[in-house]
file final-v9.txt (compact mmCIF, C-alpha atoms)
# COMPACT_ATOMS: atom_id res chain seq x y z
CA MET I 7 -58.56 4.49 -6.12
CA ASN I 8 -55.99 7.29 -6.23
CA ASN I 9 -56.02 10.65 -4.44
CA ALA I 10 -57.61 12.52 -7.35
CA GLN I 11 -60.49 10.07 -7.66
CA LEU I 12 -61.08 10.07 -3.90
CA ASN I 13 -61.08 13.86 -3.81
CA GLU I 14 -63.79 13.91 -6.45
CA LEU I 15 -65.93 11.64 -4.28
CA LYS I 16 -65.21 13.79 -1.22
CA GLN I 17 -66.33 16.95 -2.98
CA ARG I 18 -69.52 15.34 -4.18
CA TYR I 19 -70.62 13.34 -1.15
CA VAL I 20 -68.96 14.52 2.09
CA ALA I 21 -70.55 17.42 3.98
CA SER I 22 -68.28 20.44 3.74
CA GLY I 23 -68.29 20.91 7.52
CA ALA I 24 -66.90 17.40 7.93
CA ALA I 25 -64.63 17.21 4.89
CA SER I 26 -60.88 17.31 5.41
CA PRO I 27 -59.01 20.08 3.58
CA ALA I 28 -56.22 17.58 2.97
CA THR I 29 -56.01 16.14 -0.53
CA GLN I 30 -53.99 13.02 0.35
CA PHE I 31 -55.89 9.92 1.47
CA ALA I 32 -54.33 7.46 3.89
CA ASP I 33 -53.92 3.99 2.40
CA ARG I 34 -51.68 2.22 4.92
CA ALA I 35 -49.59 3.14 7.95
CA GLU I 36 -46.94 1.81 10.30
CA ASN I 37 -45.74 3.44 13.53
CA ALA I 38 -44.95 7.05 12.51
CA VAL I 39 -45.28 6.76 8.73
CA VAL I 40 -48.32 6.82 6.44
CA TRP I 41 -48.55 6.06 2.73
CA ASP I 42 -51.27 7.77 0.72
CA ALA I 43 -53.46 6.42 -2.07
CA ASP I 44 -50.81 7.38 -4.64
CA GLY I 45 -48.09 5.55 -2.70
CA THR I 46 -46.46 8.72 -1.35
CA ARG I 47 -44.72 8.34 2.02
CA ILE I 48 -45.62 10.85 4.76
CA ILE I 49 -44.15 11.23 8.25
CA ASP I 50 -46.87 11.66 10.88
CA PHE I 51 -46.31 14.27 13.60
CA ALA I 52 -50.07 14.45 14.34
CA GLY I 53 -50.81 10.91 15.48
CA GLY I 54 -54.48 11.24 14.58
CA ILE I 55 -54.55 14.25 16.97
CA GLY I 56 -52.93 12.45 19.87
CA VAL I 57 -54.55 9.05 19.33
CA LEU I 58 -51.46 7.09 18.34
CA ASN I 59 -49.00 7.46 21.22
CA ILE I 60 -47.80 3.90 20.59
CA GLY I 61 -47.87 4.32 16.81
CA HIS I 62 -50.01 3.30 13.89
CA ARG I 63 -51.04 -0.35 14.01
CA HIS I 64 -48.97 -1.50 16.96
CA PRO I 65 -48.61 -5.26 16.31
CA LYS I 66 -49.92 -6.29 19.74
CA VAL I 67 -53.00 -4.12 19.37
CA VAL I 68 -53.65 -5.35 15.83
CA GLN I 69 -53.42 -8.95 17.02
CA ALA I 70 -55.76 -8.32 19.96
CA VAL I 71 -58.33 -6.79 17.62
CA LYS I 72 -58.07 -9.70 15.16
CA ASP I 73 -58.44 -12.21 17.96
CA GLN I 74 -61.54 -10.44 19.29
CA LEU I 75 -63.12 -10.39 15.82
CA ASP I 76 -63.12 -14.19 15.93
CA LYS I 77 -65.18 -14.14 19.15
CA VAL I 78 -67.81 -11.39 19.37
CA MET I 79 -68.07 -7.90 17.86
CA HIS I 80 -71.20 -6.54 19.54
CA THR I 81 -73.97 -7.37 21.96
CA CYS I 82 -74.51 -3.95 23.64
CA GLN I 83 -73.02 -4.51 27.06
CA THR I 84 -76.24 -3.46 28.84
CA VAL I 85 -78.05 -6.33 27.06
CA MET I 86 -75.35 -8.96 27.51
CA PRO I 87 -72.02 -7.96 29.06
CA TYR I 88 -68.66 -9.47 28.16
CA GLU I 89 -65.26 -9.94 29.74
CA GLY I 90 -63.50 -7.09 27.96
CA TYR I 91 -65.65 -4.36 29.50
CA VAL I 92 -65.16 -5.47 33.10
CA LYS I 93 -61.44 -6.18 32.55
CA VAL I 94 -60.92 -2.67 31.15
CA ALA I 95 -62.86 -1.26 34.11
CA GLU I 96 -60.68 -3.24 36.52
CA LYS I 97 -57.44 -2.06 34.89
CA LEU I 98 -58.48 1.59 34.72
CA SER I 99 -59.64 1.52 38.32
CA GLN I 100 -56.19 0.31 39.33
CA VAL I 101 -54.13 2.86 37.38
CA THR I 102 -56.24 6.05 37.41
CA PRO I 103 -55.34 8.50 40.23
CA VAL I 104 -58.79 9.51 41.48
CA ARG I 105 -59.77 9.65 45.12
CA GLY I 106 -60.68 6.42 46.84
CA HIS I 107 -61.90 3.32 45.06
CA ALA I 108 -62.55 4.01 41.40
CA LYS I 109 -65.41 2.80 39.23
CA VAL I 110 -65.64 3.10 35.47
CA MET I 111 -68.06 3.68 32.63
CA LEU I 112 -66.97 3.32 29.03
CA ALA I 113 -68.12 5.42 26.09
CA ASN I 114 -67.11 6.04 22.48
CA SER I 115 -65.40 9.46 22.29
CA GLY I 116 -63.81 12.15 24.39
CA ALA I 117 -66.86 14.39 24.06
CA GLU I 118 -69.12 11.57 25.18
CA ALA I 119 -66.91 10.99 28.21
CA LEU I 120 -67.15 14.67 29.17
CA GLU I 121 -70.94 14.69 28.69
CA ASN I 122 -71.25 11.72 31.03
CA ALA I 123 -68.84 13.22 33.55
CA VAL I 124 -71.11 16.26 33.82
CA LYS I 125 -74.17 14.01 34.17
CA ILE I 126 -72.46 12.08 36.94
CA ALA I 127 -71.35 15.24 38.74
CA ARG I 128 -74.89 16.63 38.64
CA ALA I 129 -76.32 13.38 39.96
CA ALA I 130 -73.70 13.15 42.70
CA THR I 131 -74.05 16.74 43.93
CA GLY I 132 -77.62 17.65 43.09
CA LYS I 133 -76.27 20.84 41.48
CA ASN I 134 -76.28 22.08 37.86
CA ASN I 135 -73.51 24.60 37.15
CA VAL I 136 -70.20 23.71 35.55
CA ILE I 137 -67.10 25.93 35.50
CA CYS I 138 -64.58 25.52 32.66
CA PHE I 139 -61.59 27.55 31.48
CA ASP I 140 -60.52 29.89 28.70
CA GLY I 141 -58.85 27.97 25.88
CA GLY I 142 -60.22 24.62 27.00
CA TYR I 143 -61.52 22.08 24.53
CA HIS I 144 -63.88 19.29 25.52
CA GLY I 145 -65.69 18.22 22.33
CA ARG I 146 -68.25 18.94 19.62
CA THR I 147 -71.52 17.81 21.22
CA PHE I 148 -73.77 20.59 22.45
CA MET I 149 -72.80 20.43 26.12
CA THR I 150 -69.11 20.19 25.32
CA MET I 151 -69.33 23.00 22.77
CA ALA I 152 -70.75 25.15 25.57
CA MET I 153 -67.84 24.04 27.77
CA ASN I 154 -65.16 24.88 25.20
CA GLY I 155 -63.15 28.02 25.86
CA LYS I 156 -62.91 28.87 22.16
CA VAL I 157 -65.85 29.60 19.86
CA ALA I 158 -64.55 29.21 16.29
CA PRO I 159 -64.81 26.87 14.51
CA TYR I 160 -66.56 24.55 16.93
CA ALA I 161 -69.70 26.49 17.87
CA THR I 162 -69.84 29.33 15.35
CA ASP I 163 -72.81 28.15 13.26
CA PHE I 164 -74.90 26.17 15.72
CA GLY I 165 -77.04 28.67 17.62
CA SER I 166 -77.58 28.86 21.36
CA MET I 167 -75.53 26.64 23.62
CA PRO I 168 -76.74 24.91 26.81
CA GLY I 169 -76.75 27.08 29.91
CA ASN I 170 -75.24 26.65 33.38
CA VAL I 171 -71.70 26.71 31.94
CA PHE I 172 -69.35 29.41 33.23
CA ARG I 173 -65.79 30.37 32.34
CA ALA I 174 -62.67 31.21 34.32
CA PRO I 175 -59.16 32.26 33.17
CA TYR I 176 -56.55 29.56 32.55
CA PRO I 177 -53.07 30.48 33.81
CA VAL I 178 -50.83 31.21 30.82
CA PRO I 179 -48.22 33.76 31.98
CA TYR I 180 -46.79 33.92 28.45
CA HIS I 181 -50.08 35.53 27.37
CA GLY I 182 -50.39 37.76 30.42
CA VAL I 183 -52.52 35.55 32.69
CA SER I 184 -50.63 34.81 35.87
CA GLU I 185 -51.56 31.99 38.22
CA ASP I 186 -52.73 34.55 40.78
CA GLU I 187 -54.90 36.29 38.19
CA ALA I 188 -56.40 32.99 37.06
CA LEU I 189 -57.19 32.01 40.63
CA ARG I 190 -58.72 35.43 41.30
CA GLY I 191 -60.86 35.01 38.16
CA LEU I 192 -62.05 31.60 39.27
CA LYS I 193 -63.02 32.87 42.71
CA MET I 194 -64.76 35.84 41.11
CA ALA I 195 -66.78 33.53 38.84
CA LEU I 196 -67.96 31.72 41.97
CA LYS I 197 -69.09 35.06 43.41
CA THR I 198 -70.61 36.70 40.34
CA ASP I 199 -72.01 33.91 38.16
CA ALA I 200 -71.71 30.38 39.50
CA ASN I 201 -72.83 30.29 43.11
CA PRO I 202 -71.00 27.36 44.76
CA LYS I 203 -74.26 26.03 46.21
CA ASP I 204 -75.48 25.57 42.62
CA THR I 205 -72.17 24.42 41.06
CA ALA I 206 -71.57 20.72 40.47
CA ALA I 207 -68.04 20.69 39.13
CA ILE I 208 -64.94 22.47 37.93
CA VAL I 209 -63.63 20.90 34.72
CA ILE I 210 -60.02 21.47 33.67
CA GLU I 211 -57.41 20.09 31.29
CA PRO I 212 -54.16 19.70 33.26
CA VAL I 213 -52.44 20.62 30.00
CA LEU I 214 -54.47 22.60 27.48
CA GLY I 215 -54.81 20.59 24.27
CA GLU I 216 -56.42 22.57 21.47
CA GLY I 217 -55.79 25.64 23.63
CA GLY I 218 -52.04 25.50 23.04
CA PHE I 219 -50.26 22.84 25.14
CA TYR I 220 -49.90 25.02 28.23
CA PRO I 221 -49.62 23.04 31.50
CA ALA I 222 -51.46 24.24 34.57
CA PRO I 223 -49.08 24.75 37.53
CA ALA I 224 -49.35 22.08 40.20
CA SER I 225 -50.14 24.78 42.75
CA PHE I 226 -53.12 25.95 40.63
CA LEU I 227 -54.48 22.41 40.40
CA LYS I 228 -54.07 22.01 44.15
CA ALA I 229 -55.98 25.26 44.67
CA ILE I 230 -58.85 23.96 42.53
CA ARG I 231 -58.89 20.78 44.59
CA GLU I 232 -59.17 22.85 47.78
CA ILE I 233 -61.94 25.06 46.35
CA CYS I 234 -63.92 22.01 45.29
CA ASP I 235 -63.55 20.47 48.73
CA GLU I 236 -64.56 23.69 50.43
CA HIS I 237 -67.79 24.03 48.46
CA GLY I 238 -68.80 20.41 47.86
CA MET I 239 -68.03 20.52 44.13
CA LEU I 240 -66.37 17.80 42.10
CA MET I 241 -63.03 18.25 40.38
CA ILE I 242 -63.16 16.78 36.87
CA VAL I 243 -59.88 16.45 34.96
CA ASP I 244 -60.04 16.09 31.18
CA GLU I 245 -57.15 13.85 30.09
CA VAL I 246 -58.49 13.07 26.62
CA GLN I 247 -55.42 14.51 24.87
CA SER I 248 -52.89 14.58 27.72
CA GLY I 249 -53.52 11.05 28.95
CA PHE I 250 -52.06 7.65 28.13
CA GLY I 251 -48.42 8.55 28.33
CA ARG I 252 -48.23 11.78 26.38
CA THR I 253 -46.64 13.71 29.24
CA GLY I 254 -44.26 11.04 30.53
CA LYS I 255 -46.79 9.72 33.04
CA LEU I 256 -49.92 7.74 32.31
CA PHE I 257 -51.98 10.85 33.19
CA ALA I 258 -50.76 14.44 33.28
CA ILE I 259 -52.46 15.10 36.62
CA GLU I 260 -49.93 12.74 38.21
CA HIS I 261 -47.24 15.42 37.84
CA SER I 262 -49.14 17.53 40.41
CA GLY I 263 -49.96 14.88 43.00
CA VAL I 264 -53.60 16.05 42.95
CA GLU I 265 -56.34 13.42 43.08
CA PRO I 266 -59.50 14.58 41.28
CA ASP I 267 -62.95 13.08 41.71
CA ILE I 268 -63.36 12.17 38.04
CA ILE I 269 -60.95 11.75 35.12
CA THR I 270 -62.04 11.49 31.49
CA MET I 271 -59.90 9.78 28.86
CA ALA I 272 -59.99 8.66 25.21
CA LYS I 273 -57.67 9.14 22.20
CA SER I 274 -54.53 6.99 22.79
CA MET I 275 -56.47 4.71 25.12
CA ALA I 276 -56.97 2.15 22.32
CA ASP I 277 -54.38 3.12 19.66
CA GLY I 278 -56.99 4.12 17.09
CA MET I 279 -60.05 2.12 18.07
CA PRO I 280 -62.97 4.29 19.27
CA ILE I 281 -63.38 4.20 23.03
CA SER I 282 -63.40 6.56 25.99
CA ALA I 283 -63.86 6.30 29.73
CA VAL I 284 -65.09 8.16 32.77
CA VAL I 285 -63.24 7.02 35.88
CA GLY I 286 -64.27 8.37 39.25
CA THR I 287 -64.69 7.80 42.95
CA ASP I 288 -67.20 5.00 43.45
CA LYS I 289 -69.79 6.97 45.42
CA HIS I 290 -69.96 9.57 42.65
CA MET I 291 -69.99 7.06 39.82
CA ASP I 292 -72.85 5.17 41.49
CA ALA I 293 -74.95 8.30 42.12
CA SER I 294 -77.30 8.00 39.13
CA GLY I 295 -79.97 5.35 38.74
CA PRO I 296 -79.96 2.01 36.87
CA ASN I 297 -79.49 2.26 33.08
CA SER I 298 -78.81 6.02 33.37
CA LEU I 299 -75.38 5.74 31.74
CA GLY I 300 -74.32 4.01 28.57
CA GLY I 301 -75.20 3.67 24.90
CA THR I 302 -75.49 1.14 22.12
CA TYR I 303 -71.80 0.93 21.27
CA THR I 304 -70.18 2.06 24.52
CA GLY I 305 -67.17 -0.07 25.41
CA SER I 306 -67.40 -2.28 22.33
CA PRO I 307 -65.72 -5.69 22.63
CA VAL I 308 -63.19 -4.86 19.90
CA SER I 309 -62.24 -1.52 21.41
CA CYS I 310 -61.94 -3.11 24.86
CA ALA I 311 -59.55 -5.70 23.44
CA ALA I 312 -57.46 -2.90 21.95
CA THR I 313 -57.41 -1.01 25.26
CA LEU I 314 -56.21 -4.05 27.20
CA ALA I 315 -53.46 -4.56 24.63
CA VAL I 316 -52.42 -0.90 24.91
CA LEU I 317 -52.11 -1.20 28.69
CA GLU I 318 -49.94 -4.30 28.24
CA VAL I 319 -47.72 -2.44 25.78
CA PHE I 320 -47.23 0.35 28.32
CA GLU I 321 -46.10 -2.17 30.90
CA GLN I 322 -43.87 -4.20 28.58
CA GLU I 323 -42.24 -1.56 26.38
CA ASN I 324 -41.34 1.31 28.74
CA ILE I 325 -43.67 3.74 26.97
CA LEU I 326 -43.57 6.32 29.76
CA GLU I 327 -39.77 6.38 29.70
CA LYS I 328 -39.84 6.73 25.91
CA SER I 329 -42.26 9.63 26.20
CA GLN I 330 -39.96 11.48 28.57
CA ALA I 331 -36.94 10.79 26.37
CA LEU I 332 -38.78 12.07 23.31
CA GLY I 333 -39.78 15.19 25.20
CA ASP I 334 -36.14 15.82 26.11
CA LYS I 335 -35.11 15.53 22.45
CA LEU I 336 -37.84 17.94 21.37
CA ALA I 337 -36.96 20.45 24.09
CA LYS I 338 -33.35 20.49 22.92
CA ARG I 339 -34.38 21.05 19.31
CA PHE I 340 -36.84 23.80 20.28
CA ALA I 341 -34.06 25.64 22.12
CA GLN I 342 -31.94 25.51 18.96
CA TRP I 343 -34.79 26.85 16.84
CA GLN I 344 -35.40 29.72 19.24
CA GLN I 345 -31.78 30.76 18.72
CA GLN I 346 -31.96 30.20 14.98
CA PHE I 347 -35.28 31.85 14.12
CA ASP I 348 -36.78 35.19 15.10
CA CYS I 349 -40.25 33.68 14.75
CA VAL I 350 -39.88 30.69 17.09
CA ASP I 351 -40.63 31.30 20.75
CA ASN I 352 -41.81 29.69 23.96
CA GLY I 353 -40.71 26.11 23.36
CA ARG I 354 -42.29 23.96 26.04
CA ASN I 355 -43.01 20.37 26.88
CA MET I 356 -44.33 18.09 29.55
CA GLY I 357 -42.89 14.78 28.48
CA ALA I 358 -43.70 14.39 24.79
CA MET I 359 -46.62 16.85 24.94
CA ALA I 360 -44.56 19.53 23.25
CA ALA I 361 -45.11 22.76 21.34
CA ILE I 362 -43.62 26.01 20.06
CA ASP I 363 -45.24 29.36 19.33
CA LEU I 364 -44.73 31.31 16.13
CA VAL I 365 -44.59 35.07 16.61
CA THR I 366 -43.90 38.31 14.75
CA ASP I 367 -42.31 39.90 17.82
CA LYS I 368 -40.68 37.88 20.58
CA ALA I 369 -40.53 40.79 23.00
CA ASN I 370 -44.31 41.21 22.90
CA HIS I 371 -45.21 37.56 22.19
CA THR I 372 -47.26 38.70 19.17
CA PRO I 373 -48.95 35.61 17.64
CA ASP I 374 -48.39 34.78 13.96
CA ALA I 375 -51.23 32.47 12.97
CA ASP I 376 -50.56 33.03 9.27
CA LEU I 377 -47.04 31.67 9.60
CA ALA I 378 -48.34 28.66 11.56
CA GLY I 379 -50.74 27.86 8.73
CA ALA I 380 -48.06 28.36 6.12
CA LEU I 381 -45.63 26.10 8.00
CA CYS I 382 -48.16 23.28 8.25
CA LYS I 383 -48.93 23.63 4.52
CA LYS I 384 -45.29 23.64 3.45
CA ALA I 385 -44.44 20.73 5.74
CA ARG I 386 -47.26 18.68 4.18
CA GLU I 387 -45.85 19.46 0.73
CA LYS I 388 -42.51 18.11 1.92
CA GLY I 389 -44.01 14.91 3.35
CA LEU I 390 -44.75 15.76 6.99
CA ILE I 391 -48.11 16.00 8.76
CA LEU I 392 -47.94 18.88 11.23
CA LEU I 393 -50.72 20.51 13.30
CA SER I 394 -51.28 23.98 14.65
CA CYS I 395 -53.51 24.85 17.61
CA GLY I 396 -53.94 27.46 20.32
CA LEU I 397 -56.32 30.22 21.24
CA TYR I 398 -54.45 32.48 18.78
CA GLY I 399 -53.78 29.79 16.16
CA ASN I 400 -50.01 30.24 16.31
CA THR I 401 -48.95 27.15 18.25
CA ILE I 402 -47.29 24.21 16.50
CA ARG I 403 -47.89 21.04 18.49
CA PHE I 404 -45.90 17.84 18.17
CA LEU I 405 -47.92 14.63 18.56
CA MET I 406 -45.78 12.04 16.82
CA PRO I 407 -45.92 8.54 18.33
CA VAL I 408 -43.61 8.22 21.32
CA THR I 409 -42.44 5.02 19.65
CA ILE I 410 -41.11 6.94 16.63
CA GLU I 411 -37.73 5.74 15.38
CA ASP I 412 -34.85 8.19 15.87
CA GLU I 413 -34.16 8.48 12.15
CA ILE I 414 -37.80 9.20 11.33
CA LEU I 415 -37.95 11.79 14.12
CA GLU I 416 -34.84 13.51 12.79
CA GLU I 417 -36.18 13.45 9.23
CA GLY I 418 -39.40 15.10 10.35
CA LEU I 419 -37.70 17.74 12.47
CA ALA I 420 -35.41 18.54 9.55
CA ILE I 421 -38.48 19.17 7.39
CA VAL I 422 -39.81 21.63 9.99
CA GLU I 423 -36.48 23.42 10.05
CA GLU I 424 -36.14 23.48 6.28
CA SER I 425 -39.70 24.77 5.90
CA LEU I 426 -39.08 27.59 8.38
CA LYS I 427 -35.93 28.60 6.52
CA GLU I 428 -37.85 28.78 3.26
CA LEU I 429 -40.67 30.79 4.83
CA VAL I 430 -38.75 33.28 6.99
CA GLY I 431 -35.03 32.64 6.66
CA SER I 432 -32.81 32.22 9.70
CA LYS I 433 -30.46 34.37 11.73
CA SER I 434 -27.03 34.08 13.22
CA THR I 435 -27.72 35.72 16.57
CA ALA I 436 -30.57 35.39 19.04
CA THR I 437 -33.23 38.03 19.51
CA ALA I 438 -34.35 38.67 23.06
call {"tool": "encode", "arguments": {"input": "final-v9.txt", "output": "structure tokens"}}
result
Amino acid sequence: MNNAQLNELKQRYVASGAASPATQFADRAENAVVWDADGTRIIDFAGGIGVLNIGHRHPKVVQAVKDQLDKVMHTCQTVMPYEGYVKVAEKLSQVTPVRGHAKVMLANSGAEALENAVKIARAATGKNNVICFDGGYHGRTFMTMAMNGKVAPYATDFGSMPGNVFRAPYPVPYHGVSEDEALRGLKMALKTDANPKDTAAIVIEPVLGEGGFYPAPASFLKAIREICDEHGMLMIVDEVQSGFGRTGKLFAIEHSGVEPDIITMAKSMADGMPISAVVGTDKHMDASGPNSLGGTYTGSPVSCAATLAVLEVFEQENILEKSQALGDKLAKRFAQWQQQFDCVDNGRNMGAMAAIDLVTDKANHTPDADLAGALCKKAREKGLILLSCGLYGNTIRFLMPVTIEDEILEEGLAIVEESLKELVGSKSTATA
């Protein structure tokens, strides 16, 4: 079927809240390129929203999945376990930087991992409250919607959210929130709303994902670690988008040297197969009773096979080095754009987790969400998938596979540049 026919089916049968606004349908893909149902070639700078750090259909992952399909597809691991689950648990325990000996539970999605992390923290501490941060994103289930630091579009239409979730400022100096102010806000939340004796955990993304790709300073993360230790709370780090090599290390928290109690992960963990994990200190992970964690499909054999293959690819193909090199290339290009365009500001990256902000006024950092939307639309028309994000909707994030070929990267970046020129023009001198 072609795009037009598939769009007719989408309009008729797919719930509007779940339907993509895109009119092109993916037919096949390879590394950083997708072809739609009409045969049109599209460069992918979204990576399935950070799922494809090693590219579409990495051959080793595809082969691992095919091999697993010849063995077993499902038993429900609580009914009859299988090698893949325990091998993934072993590998993640070895590579995840949590305190002490790590144990693992597998789930299906990032939101499911966060839900279970909160359950585990409550069981381990006997407390209920959870503190999250402005701009954070943790999922679309009810608990994670309550945890998100942005209402629209995730929680707008769904009524009351679960209680015992409290918010603190995330340090983004560019938007007027200094590290000191964020720390003061966190301590104030513990005094005014979330009494430490009733608070199970502080949950933070080491680099905001949907919130705009802003990294938390290492000193801020260390301060959270100290506050958690002081009050007997767990530190939960959400690495769903920042993990698996996006930042030049396997996990973004490694840049800080901080060891949390629990880390959640998903997305690029299995190169497109649905799986997530909660990895934490053994005494916390073992706090809840038998059969208290899990689900019918959690840690499916096929997804476990894909995860093991991904970890092998990281070891064999220098993925972390490629991520850092890609980040360096993007940083250089961002600096050029900031000189070339009045609207481009605040280029930033941690490894290949990279972004720019679009503004109407650089001096005042005034967000331009309309331009961000227009840029993504024009780029798609020119054959490039590009995503915006951020609390103000004006951030353009770059999530192309870290395995992207140099010529494809350059072609995509040229489309961004060409699109900006068509939308706003360019300048010959920099604006402060």
call {"tool": "residues_around", "arguments": {"input": "final-v9.txt", "residues": "segment 313-321 of chain I", "least_positions_apart": "6", "cutoff": "7 Å", "atoms": "only C-alpha atoms", "output": "compact mmCIF listing (two decimals) with C-alpha atoms, in the frame of the given file"}}
result
# COMPACT_ATOMS: atom_id res chain seq x y z
CA LYS I 66 -49.92 -6.29 19.74
CA VAL I 67 -53.00 -4.12 19.37
CA ALA I 70 -55.76 -8.32 19.96
CA VAL I 94 -60.92 -2.67 31.15
CA MET I 275 -56.47 4.71 25.12
CA ALA I 276 -56.97 2.15 22.32
CA ASP I 277 -54.38 3.12 19.66
call {"tool": "residues_around", "arguments": {"input": "final-v9.txt", "residues": "Pro373 of chain I", "least_positions_apart": "3", "cutoff": "8 Å", "atoms": "only C-alpha atoms", "output": "list of chain:residue names"}}
result
I:Asp363, I:Leu364, I:Val365, I:Thr366, I:Asp367, I:Tyr398, I:Gly399, I:Asn400
call {"tool": "residues_around", "arguments": {"input": "final-v9.txt", "residues": "Ala28 of chain I", "least_positions_apart": "2", "cutoff": "10 Å", "atoms": "only C-alpha atoms", "output": "PDB file with C-alpha atoms, in the coordinates of the input"}}
result
ATOM      1  CA  ASN I  13     -61.080  13.860  -3.810  1.00  0.00           C
ATOM      2  CA  ALA I  25     -64.630  17.210   4.890  1.00  0.00           C
ATOM      3  CA  SER I  26     -60.880  17.310   5.410  1.00  0.00           C
ATOM      4  CA  GLN I  30     -53.990  13.020   0.350  1.00  0.00           C
ATOM      5  CA  PHE I  31     -55.890   9.920   1.470  1.00  0.00           C
ATOM      6  CA  LYS I 383     -48.930  23.630   4.520  1.00  0.00           C
ATOM      7  CA  ARG I 386     -47.260  18.680   4.180  1.00  0.00           C
TER       8      ARG I 386
END
call {"tool": "residues_around", "arguments": {"input": "final-v9.txt", "residues": "Arg190 of chain I", "least_positions_apart": "5", "cutoff": "9 Å", "atoms": "only C-alpha atoms", "output": "MDAnalysis selection string"}}
result
chainID I and resid 175 185 195
call {"tool": "write_last_selection", "arguments": {"input": "final-v9.txt", "atoms": "C-alpha atoms", "output": "mmCIF file, in the coordinates of the input"}}
result
data_model
loop_
_atom_site.group_PDB
_atom_site.id
_atom_site.type_symbol
_atom_site.label_atom_id
_atom_site.label_comp_id
_atom_site.auth_asym_id
_atom_site.auth_seq_id
_atom_site.Cartn_x
_atom_site.Cartn_y
_atom_site.Cartn_z
ATOM 1 C CA PRO I 175 -59.160 32.260 33.170
ATOM 2 C CA GLU I 185 -51.560 31.990 38.220
ATOM 3 C CA ALA I 195 -66.780 33.530 38.840
#
call {"tool": "closest_residue", "arguments": {"input": "final-v9.txt", "among": "I:Met406, I:Cys395, I:Val171, I:Met111", "to": "Val40 of chain I", "atoms": "all atoms listed in the file"}}
result
I:Met406
call {"tool": "atom_distance", "arguments": {"input": "final-v9.txt", "atom1": "atom CA of Gly45 of chain I", "atom2": "atom CA of Asp33 of chain I"}}
result
7.9 Å
call {"tool": "closest_atom_pairs", "arguments": {"input": "final-v9.txt", "of": "segment 219-327 of chain I", "to": "segment 95-99 of chain I", "cutoff": "12 Å", "atoms": "all atoms listed in the file", "output": "tab-separated table"}}
result
residue	atom	partner	partner_atom	distance
I:Phe250	CA	I:Leu98	CA	11.0
I:Leu256	CA	I:Leu98	CA	10.8
I:Phe257	CA	I:Leu98	CA	11.4
I:Ile268	CA	I:Ser99	CA	11.3
I:Ile269	CA	I:Leu98	CA	10.5
I:Thr270	CA	I:Leu98	CA	11.0
I:Met271	CA	I:Leu98	CA	10.2
I:Ala272	CA	I:Leu98	CA	11.9
I:Met275	CA	I:Leu98	CA	10.3
I:Ser282	CA	I:Leu98	CA	11.2
I:Ala283	CA	I:Leu98	CA	8.7
I:Val284	CA	I:Leu98	CA	9.5
I:Val285	CA	I:Ser99	CA	7.0
I:Gly286	CA	I:Ser99	CA	8.3
I:Thr287	CA	I:Ser99	CA	9.3
I:Asp288	CA	I:Ser99	CA	9.8
I:Met291	CA	I:Ser99	CA	11.8
I:Gly305	CA	I:Ala95	CA	9.8
I:Cys310	CA	I:Ala95	CA	9.5
I:Thr313	CA	I:Lys97	CA	9.7
I:Leu314	CA	I:Lys97	CA	8.0
I:Ala315	CA	I:Lys97	CA	11.3
I:Val316	CA	I:Lys97	CA	11.2
I:Leu317	CA	I:Lys97	CA	8.2
I:Glu318	CA	I:Lys97	CA	10.3
call {"tool": "write_last_selection", "arguments": {"input": "final-v9.txt", "atoms": "C-alpha atoms", "output": "short mmCIF file (atom, residue, chain, number, x, y, z; two decimals), in the coordinates of the input"}}
result
data_model
loop_
_atom_site.label_atom_id
_atom_site.label_comp_id
_atom_site.auth_asym_id
_atom_site.auth_seq_id
_atom_site.Cartn_x
_atom_site.Cartn_y
_atom_site.Cartn_z
CA PHE I 250 -52.06 7.65 28.13
CA LEU I 256 -49.92 7.74 32.31
CA PHE I 257 -51.98 10.85 33.19
CA ILE I 268 -63.36 12.17 38.04
CA ILE I 269 -60.95 11.75 35.12
CA THR I 270 -62.04 11.49 31.49
CA MET I 271 -59.90 9.78 28.86
CA ALA I 272 -59.99 8.66 25.21
CA MET I 275 -56.47 4.71 25.12
CA SER I 282 -63.40 6.56 25.99
CA ALA I 283 -63.86 6.30 29.73
CA VAL I 284 -65.09 8.16 32.77
CA VAL I 285 -63.24 7.02 35.88
CA GLY I 286 -64.27 8.37 39.25
CA THR I 287 -64.69 7.80 42.95
CA ASP I 288 -67.20 5.00 43.45
CA MET I 291 -69.99 7.06 39.82
CA GLY I 305 -67.17 -0.07 25.41
CA CYS I 310 -61.94 -3.11 24.86
CA THR I 313 -57.41 -1.01 25.26
CA LEU I 314 -56.21 -4.05 27.20
CA ALA I 315 -53.46 -4.56 24.63
CA VAL I 316 -52.42 -0.90 24.91
CA LEU I 317 -52.11 -1.20 28.69
CA GLU I 318 -49.94 -4.30 28.24
#
call {"tool": "atom_distance", "arguments": {"input": "final-v9.txt", "atom1": "atom CA of Ile208 of chain I", "atom2": "atom CA of Val243 of chain I"}}
result
8.4 Å
call {"tool": "atom_distance", "arguments": {"input": "final-v9.txt", "atom1": "atom CA of Cys382 of chain I", "atom2": "atom CA of Trp41 of chain I"}}
result
18.1 Å
call {"tool": "closest_residue", "arguments": {"input": "final-v9.txt", "among": "I:Leu227, I:Leu426, I:Ala200, I:Met151", "to": "Phe172 of chain I", "atoms": "all atoms listed in the file"}}
result
I:Ala200
call {"tool": "residues_around", "arguments": {"input": "final-v9.txt", "residues": "Arg339 of chain I", "least_positions_apart": "4", "cutoff": "10 Å", "atoms": "all atoms listed in the file", "output": "list in words"}}
result
Gly333, Asp334, Lys335, Trp343, Gln344, Gly353, Glu416, Leu419 and Glu423 of chain I
